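One file, start.txt, carrying compact mmCIF, C-alpha atoms:
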# COMPACT_ATOMS: atom_id res chain seq x y z
CA MET A 135 -25.98 -4.40 8.23
CA ALA A 136 -27.68 -2.14 5.74
CA ASP A 137 -31.37 -1.47 5.52
CA GLU A 138 -33.07 -2.93 2.45
CA ASP A 139 -33.69 0.53 0.94
CA ARG A 140 -30.04 1.57 0.65
CA ASN A 141 -26.71 0.19 -0.48
CA THR A 142 -24.24 -1.30 1.92
CA CYS A 143 -21.81 1.38 3.06
CA ILE A 144 -18.25 0.25 3.72
CA LEU A 145 -15.28 2.00 5.30
CA LEU A 146 -11.86 0.71 4.24
CA LEU A 147 -9.04 1.31 6.73
CA ASP A 148 -5.93 1.10 4.59
CA GLU A 149 -2.55 2.55 5.57
CA ALA A 150 -0.54 0.84 2.83
CA GLY A 151 -2.83 1.29 -0.18
CA SER A 152 -3.13 -2.47 -0.66
CA MET A 153 -6.91 -2.39 -0.88
CA ALA A 154 -7.24 -0.34 -4.08
CA PRO A 155 -8.40 -3.40 -6.11
CA LEU A 156 -10.97 -4.26 -3.44
CA HIS A 157 -12.16 -0.66 -3.37
CA ALA A 158 -12.65 -0.64 -7.14
CA MET A 159 -14.47 -3.99 -7.11
CA LEU A 160 -16.88 -2.91 -4.35
CA GLU A 161 -17.70 0.33 -6.18
CA THR A 162 -18.25 -1.64 -9.42
CA LEU A 163 -20.88 -3.64 -7.52
CA GLY A 164 -22.63 -0.40 -6.59
CA LEU A 165 -21.63 -0.34 -2.94
CA SER A 166 -20.83 2.92 -1.20
CA VAL A 167 -17.15 2.85 -0.19
CA ASP A 168 -15.09 5.34 1.81
CA ARG A 169 -11.39 5.07 2.62
CA ALA A 170 -9.39 6.18 5.64
CA SER A 171 -5.76 5.80 6.65
CA ASP A 172 -5.97 7.02 10.25
CA LEU A 173 -8.42 7.59 13.11
CA ALA A 174 -9.26 11.19 12.19
CA GLU A 175 -10.05 10.25 8.57
CA ALA A 176 -12.12 7.27 9.75
CA ARG A 177 -14.21 9.47 12.05
CA THR A 178 -14.66 12.11 9.35
CA ALA A 179 -15.72 9.50 6.78
CA PHE A 180 -18.04 7.78 9.27
CA PHE A 181 -19.90 10.96 10.20
CA GLY A 182 -19.84 12.26 6.63
CA ALA A 183 -21.54 9.09 5.40
CA GLY A 184 -24.00 8.97 8.26
CA GLY A 185 -22.38 5.72 9.39
CA HIS A 186 -21.06 2.58 7.77
CA ASP A 187 -22.30 -0.99 7.82
CA CYS A 188 -18.82 -2.52 7.91
CA LEU A 189 -15.25 -1.50 8.67
CA VAL A 190 -12.78 -3.44 6.53
CA ILE A 191 -9.24 -3.38 7.88
CA GLY A 192 -6.37 -3.84 5.43
CA PRO A 193 -3.37 -6.13 5.82
CA GLY A 194 -0.90 -3.26 6.30
CA VAL A 195 -2.77 -1.62 9.17
CA SER A 196 -0.93 -1.61 12.49
CA PRO A 197 -2.65 -3.45 15.37
CA GLY A 198 -2.75 -0.23 17.41
CA LEU A 199 -4.53 1.73 14.70
CA ALA A 200 -6.93 -1.15 14.00
CA ARG A 201 -7.81 -1.29 17.71
CA LYS A 202 -8.27 2.50 18.03
CA VAL A 203 -10.49 2.81 14.94
CA SER A 204 -12.58 -0.31 15.61
CA ASN A 205 -13.14 0.66 19.26
CA ALA A 206 -14.01 4.26 18.39
CA LEU A 207 -16.52 3.28 15.71
CA ALA A 208 -18.01 0.42 17.79
CA ASP A 209 -18.59 2.90 20.62
CA ILE A 210 -20.63 5.04 18.22
CA ASP A 211 -22.38 2.14 16.45
CA PRO A 212 -22.32 -1.16 18.35
CA ASN A 213 -24.07 -2.89 15.42
CA MET A 214 -21.28 -2.14 12.97
CA SER A 215 -19.63 -5.22 11.44
CA PHE A 216 -15.87 -5.67 11.10
CA ALA A 217 -13.78 -7.60 8.58
CA THR A 218 -10.03 -7.73 8.93
CA PHE A 219 -7.44 -8.78 6.38
CA GLY A 220 -4.82 -7.70 8.91
CA PRO A 221 -4.53 -7.60 12.67
CA HIS A 222 -6.72 -9.71 14.93
CA LEU A 223 -9.36 -7.63 16.72
CA ARG A 224 -9.41 -8.65 20.38
CA ASP A 225 -12.59 -6.94 21.59
CA THR A 226 -15.11 -8.20 19.06
CA ALA A 227 -17.82 -9.32 21.48
CA ARG A 228 -19.97 -6.33 20.57
CA ALA A 229 -19.96 -6.85 16.82
CA ARG A 230 -19.98 -9.35 14.01
CA THR A 231 -16.41 -9.92 12.85
CA ALA A 232 -14.81 -11.79 9.96
CA ARG A 233 -11.13 -12.70 10.17
CA LEU A 234 -9.88 -12.78 6.59
CA SER A 235 -6.14 -12.59 7.27
CA SER A 236 -5.44 -15.74 5.26
CA TYR A 237 -6.58 -13.85 2.13
CA HIS A 238 -5.23 -10.81 0.30
CA PRO A 239 -7.88 -8.13 -0.35
CA GLY A 240 -6.79 -7.90 -3.99
CA SER A 241 -7.34 -11.60 -4.64
CA ARG A 242 -10.56 -13.06 -6.00
CA ALA A 243 -10.70 -15.39 -2.99
CA GLY A 244 -10.33 -12.48 -0.55
CA GLN A 245 -12.93 -10.40 -2.35
CA GLY A 246 -15.31 -13.36 -2.46
CA ALA A 247 -14.85 -14.05 1.25
CA LEU A 248 -15.66 -10.42 2.05
CA LEU A 249 -18.72 -10.42 -0.19
CA ARG A 250 -20.04 -13.59 1.47
CA PHE A 251 -19.55 -11.96 4.88
CA LEU A 252 -21.35 -8.80 3.76
CA GLN A 253 -24.29 -10.82 2.43
CA THR A 254 -24.91 -12.57 5.74
CA ARG A 255 -26.85 -10.35 8.07
Translate this structure into structure tokens?
Amino acid sequence: MADEDRNTCILLLDEAGSMAPLHAMLETLGLSVDRASDLAEARTAFFGAGGHDCLVIGPGVSPGLARKVSNALADIDPNMSFATFGPHLRDTARARTARLSSYHPGSRAGQGALLRFLQTR
């Protein structure tokens, strides 16, 4: 996760726009948050930010896109964490992963579950 001298940097992968409340809440907490809706945007955001601590995958993201983005970013940064409100990530052996699919990212329970995951390093 993040070094102690900087904020946690999160990349939200959100095709359907369902993570807007989560995005707002994370920014309110002072976290650095970028958003992408496809592989090209995810790569651009990742390199533009100098990397991310966690990729958060939204509930409306297709399994194929989730796999492509998570694999591409894990190849660049094997220490990156993943949290998914949507599709199950099959190849998670190289990273810390939270499966949050029983929650909605706009709910207090979903946001709390993500925050607890982000706080554990």
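Nearest to Leu156 of chain A of all the residues A:Arg169, A:Arg177, A:Arg233, A:His186 is A:Arg169, based on only C-alpha atoms.
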For Ala217 of chain A, find every residue with an atom within 9 Å (counting all atoms listed in the file), except residues of its own chain fewer than 5 positions away, and show them as a list in words.
Cys188, Leu189, Val190, Ile191, Gly192, Arg230, Thr231, Ala232, Arg233, Leu234, Leu248 and Phe251 of chain A
Between A:Ala200, A:Leu165, A:Ala247, A:Leu252, smallest distance to Asp148 of chain A by only C-alpha atoms belongs to A:Ala200
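Taking only C-alpha atoms into account, Pro193 of chain A lies nearest to A:His238 out of the set A:His238, A:His157, A:Arg224, A:Arg250.
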Separation of atom CA of Met159 of chain A and atom CA of Asp211 of chain A, in Å?
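According to the coordinates, atom CA of Met159 of chain A and atom CA of Asp211 of chain A are separated by 25.6 Å.
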Between atom CA of Val203 of chain A and atom CA of Thr218 of chain A, what is the spacing in Å?
12.1 Å
What is the distance between atom CA of Val195 of chain A and atom CA of Ile210 of chain A, in Å to one decimal?
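Spanning atom CA of Val195 of chain A to atom CA of Ile210 of chain A is a straight-line distance of 21.1 Å.
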Between A:Thr254, A:Gly220, A:Asp168, A:Ser235, single out the one closest to Ala150 of chain A, counting only C-alpha atoms.
A:Gly220
With distances taken over only C-alpha atoms, which of A:Asn213, A:Ser166, A:Ser196, A:Thr178 is nearest to Glu149 of chain A?
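Comparing A:Asn213, A:Ser166, A:Ser196, A:Thr178 against Glu149 of chain A, the winner is A:Ser196.
Comparing the minimum interatomic distances between Pro197 of chain A and each of A:Leu160, A:Leu146, A:Leu223, A:Ala154, counting only C-alpha atoms, we find that A:Leu223 sits nearest.
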List as a ChimeraX atom specification the protein and nucleic acid residues near Lys202 of chain A, meaning an atom at most 10 Å away when all atoms listed in the file are counted, but skip any in the same chain fewer than 6 places from it.
/A:172-173,208
Please identify all polymer residues within 10 Å of Pro212 of chain A, counting all atoms listed in the file, omitting same-chain residues fewer than 3 positions from it, and present them as a list in words.
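In the requested format, the answer is Asn205, Ala206, Leu207, Ala208, Asp209, Ser215, Ala227, Arg228, Ala229 and Arg230 of chain A.
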